[in-house]
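A.B. asks: Submitted below is the structure of interest, expressed as structure tokens.
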Number of protein chains: 2
Amino acid sequence: MQPPSETTDPLSRLMESFQKLPGVGPKTAQRLAFYVLKQPEVFASSFAQALITAKESVKPCPICFHLSSQAPCEICQSKHRLQQQVCVVADPRDVFALERTQEYRGLYHVLGGVISPLDGIGPEQLNIKSLLERTLTLDEIILALPPTTEGDTTSLYLAKLLAPLKITVSRIAFGLPVGGDLDYADSLTITRALQGRQLVS
Amino acid sequence: MQPPSETTDPLSRLMESFQKLPGVGPKTAQRLAFYVLKQPEVFASSFAQALITAKESVKPCPICFHLSSQAPCEICQSKHRLQQQVCVVADPRDVFALERTQEYRGLYHVLGGVISPLDGIGPEQLNIKSLLERTLTLDEIILALPPTTEGDTTSLYLAKLLAPLKITVSRIAFGLPVGGDLDYADSLTITRALQGRQLVS
């Protein structure tokens, strides 16, 4: 899949750059590189600028560890958010997912992963100490960690850790997705949906 | 899928840049942007450099219209290639595909597309005039245009155009791919394979 020229060739170097991205194989890298070359000059230059600016300016927020070009991030700075409520997520992407719902009005805390002994990730590798430091001003913590073994472990760990404090700790509900069909749902999801059943009257 | 901040936000701008690439939707753009941010500083800067350098230096070869940072391109410059043989392809990507086989030792001519009246592409939009100008020094032209209606039309058009000249004009074979199973091949491919049948003894 390598073009015939050596790697100092600008076209090959561009393909290699694309190929370093996750999920981009040699074929896709070639297609993307040719696409860039077909665009007007400004396409490549603004893309390059976006890469450099983002890498330079976007850092984890010192309070909640969400990625932002401001410190503290826009959410931590906002006066319109509930300052006593924190939603704990594994990844900055989860913050975006929750923000898209426009339902949640509290703050966030990004752990930076979940406890996973197999990957060498223990509680000390995550932003848990900083979460505890924030608890003084909080009265509710919502755990929105993924419904995986690791997510469950981390949620249990945090729930135990937070139990002695006077804070309401809850975990988001897991079950059948909206529009989902029981017939197509996997058994674990159905099990979770059964476990999480709620009284209707 | 848009993050909550305005488009002057560096992270959003990086996501938007990725999303302009073909086949990259908002989810993938977000994933790629976060990936870049997680990498060391040099990743973004060398990616940016590769984009700018490629866009600045890679241009169509003035002879064969293959993309290259040299003019003429390495293939046209090479003394080890058959100077009388030209393979006509639609796109620079096809040159890479043929080069990977290490079978073909002649030169190339990139048309820049195929005749497609529906897309407003006629013979005058393609690098056909420049091909005719090269014919003086050639004794063989191999048409390697895609086995589509447009590719067939373009091949026929070129074959007619080249017929008065003393040049052998051939088209690459279409049929069952190596490792392909008759049972899984589509009818058109089988039809092409039948039409292109060759005597075995």
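Labels used: A, B, ... for chains in the order of the structure tokens, numbers from 1 for residues in each chain, and numbers from 1 for ligands as shown.
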Residues of chain A within 8 Å of chain B: nearest atom pair and distance (Å, one decimal) for each, counting only C-alpha atoms, sorted by chain and number, as JSON lines?

C.D. replies:
{"residue": "A:Met1", "atom": "CA", "partner": "B:Arg100", "partner_atom": "CA", "distance": 6.8}
{"residue": "A:Gln2", "atom": "CA", "partner": "B:Arg100", "partner_atom": "CA", "distance": 7.6}
{"residue": "A:Pro3", "atom": "CA", "partner": "B:Phe96", "partner_atom": "CA", "distance": 5.7}
{"residue": "A:Pro4", "atom": "CA", "partner": "B:Glu99", "partner_atom": "CA", "distance": 6.9}
{"residue": "A:Asp9", "atom": "CA", "partner": "B:Ser69", "partner_atom": "CA", "distance": 7.2}
{"residue": "A:Pro10", "atom": "CA", "partner": "B:Ala54", "partner_atom": "CA", "distance": 4.8}
{"residue": "A:Leu11", "atom": "CA", "partner": "B:Ala54", "partner_atom": "CA", "distance": 5.5}
{"residue": "A:Arg13", "atom": "CA", "partner": "B:Ala50", "partner_atom": "CA", "distance": 6.0}
{"residue": "A:Leu14", "atom": "CA", "partner": "B:Ala50", "partner_atom": "CA", "distance": 5.0}
{"residue": "A:Ser17", "atom": "CA", "partner": "B:Phe47", "partner_atom": "CA", "distance": 5.5}
{"residue": "A:Phe18", "atom": "CA", "partner": "B:Phe47", "partner_atom": "CA", "distance": 7.8}
{"residue": "A:Leu21", "atom": "CA", "partner": "B:Leu32", "partner_atom": "CA", "distance": 6.7}
{"residue": "A:Pro22", "atom": "CA", "partner": "B:Leu32", "partner_atom": "CA", "distance": 7.0}
{"residue": "A:Gln30", "atom": "CA", "partner": "B:Arg93", "partner_atom": "CA", "distance": 7.8}
{"residue": "A:Leu32", "atom": "CA", "partner": "B:Leu21", "partner_atom": "CA", "distance": 6.7}
{"residue": "A:Tyr35", "atom": "CA", "partner": "B:Leu21", "partner_atom": "CA", "distance": 7.4}
{"residue": "A:Val36", "atom": "CA", "partner": "B:Lys55", "partner_atom": "CA", "distance": 7.4}
{"residue": "A:Leu37", "atom": "CA", "partner": "B:Lys55", "partner_atom": "CA", "distance": 5.6}
{"residue": "A:Glu41", "atom": "CA", "partner": "B:Lys55", "partner_atom": "CA", "distance": 6.8}
{"residue": "A:Ala44", "atom": "CA", "partner": "B:Leu51", "partner_atom": "CA", "distance": 5.6}
{"residue": "A:Ser45", "atom": "CA", "partner": "B:Ile52", "partner_atom": "CA", "distance": 6.0}
{"residue": "A:Ser46", "atom": "CA", "partner": "B:Ser17", "partner_atom": "CA", "distance": 7.8}
{"residue": "A:Phe47", "atom": "CA", "partner": "B:Ser17", "partner_atom": "CA", "distance": 5.5}
{"residue": "A:Ala48", "atom": "CA", "partner": "B:Ala48", "partner_atom": "CA", "distance": 4.1}
{"residue": "A:Gln49", "atom": "CA", "partner": "B:Ala48", "partner_atom": "CA", "distance": 7.1}
{"residue": "A:Ala50", "atom": "CA", "partner": "B:Leu14", "partner_atom": "CA", "distance": 5.0}
{"residue": "A:Leu51", "atom": "CA", "partner": "B:Ala44", "partner_atom": "CA", "distance": 5.6}
{"residue": "A:Ile52", "atom": "CA", "partner": "B:Ala44", "partner_atom": "CA", "distance": 6.0}
{"residue": "A:Thr53", "atom": "CA", "partner": "B:Pro10", "partner_atom": "CA", "distance": 6.2}
{"residue": "A:Ala54", "atom": "CA", "partner": "B:Pro10", "partner_atom": "CA", "distance": 4.7}
{"residue": "A:Lys55", "atom": "CA", "partner": "B:Leu37", "partner_atom": "CA", "distance": 5.6}
{"residue": "A:Glu56", "atom": "CA", "partner": "B:Glu41", "partner_atom": "CA", "distance": 7.9}
{"residue": "A:Ser57", "atom": "CA", "partner": "B:Pro10", "partner_atom": "CA", "distance": 7.2}
{"residue": "A:Val58", "atom": "CA", "partner": "B:Leu11", "partner_atom": "CA", "distance": 6.7}
{"residue": "A:Ser68", "atom": "CA", "partner": "B:Leu11", "partner_atom": "CA", "distance": 7.4}
{"residue": "A:Ser69", "atom": "CA", "partner": "B:Pro10", "partner_atom": "CA", "distance": 6.8}
{"residue": "A:Arg93", "atom": "CA", "partner": "B:Gln30", "partner_atom": "CA", "distance": 7.8}
{"residue": "A:Phe96", "atom": "CA", "partner": "B:Pro3", "partner_atom": "CA", "distance": 5.8}
{"residue": "A:Ala97", "atom": "CA", "partner": "B:Met1", "partner_atom": "CA", "distance": 7.8}
{"residue": "A:Glu99", "atom": "CA", "partner": "B:Pro4", "partner_atom": "CA", "distance": 6.9}
{"residue": "A:Arg100", "atom": "CA", "partner": "B:Met1", "partner_atom": "CA", "distance": 6.8}

A.B. asks: Which neighbours of region 173-186 of chain B fall inside 10 Å, counting only C-alpha atoms, when residues of the same chain fewer than 6 positions from it are skipped, and could you give them as a list in words?

C.D. replies: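 Close residues of region 173-186 of chain B: Leu143, Ala144, Pro146, Pro147, Arg192, Ala193, Leu194, Gln195, Gly196 and Arg197 of chain B.
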
A.B. asks: Can you list, as a PyMOL selection string, every protein, DNA or RNA residue that comes within 7 Å of Pro72 (chain B) when you count only C-alpha atoms, leaving out same-chain residues fewer than 4 positions away?

C.D. replies: chain B and resi 61-63+76-77

A.B. asks: Deliver the residues from the most recent selection as a file, using N, CA and C atoms, as a JSON list (two decimals), in the first residue's frame.

C.D. replies:
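After the write, out23.json holds the following:
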[["chain", "number", "residue", "atom", "x", "y", "z"],
["B", 61, "CYS", "N", 2.01, 16.10, -12.33],
["B", 61, "CYS", "CA", 3.19, 16.07, -13.21],
["B", 61, "CYS", "C", 2.82, 16.73, -14.54],
["B", 62, "PRO", "N", 3.66, 17.61, -15.08],
["B", 62, "PRO", "CA", 3.31, 18.29, -16.34],
["B", 62, "PRO", "C", 3.24, 17.33, -17.53],
["B", 63, "ILE", "N", 3.82, 16.14, -17.41],
["B", 63, "ILE", "CA", 3.78, 15.18, -18.52],
["B", 63, "ILE", "C", 2.61, 14.21, -18.37],
["B", 76, "CYS", "N", 8.10, 9.56, -14.70],
["B", 76, "CYS", "CA", 8.45, 10.15, -15.99],
["B", 76, "CYS", "C", 9.95, 10.40, -16.10],
["B", 77, "GLN", "N", 10.60, 10.68, -14.95],
["B", 77, "GLN", "CA", 12.04, 10.96, -14.94],
["B", 77, "GLN", "C", 12.88, 9.70, -15.04]]

A.B. asks: Could you please write out, as a ChimeraX atom specification, every residue of region 2-166 of chain B that DSSP assigns to alpha helix (DSSP H)?

C.D. replies: /B:10-19,26-38,41-57,74-77,92-101,129-134,149-162

A.B. asks: Which of these residues is nearest to Thr135 (chain B), using only C-alpha atoms: B:Val200, B:Ala71, B:Ile167, B:Ala29?

C.D. replies: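 Of all the options, B:Ile167 lies closest to Thr135 (chain B).
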
A.B. asks: If you measure from CA of Thr168 (chain B) to CA of Cys87 (chain B), what distance in Å do you get, rounded to one decimal?

C.D. replies: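 Distance between the two atoms: 11.6 Å.
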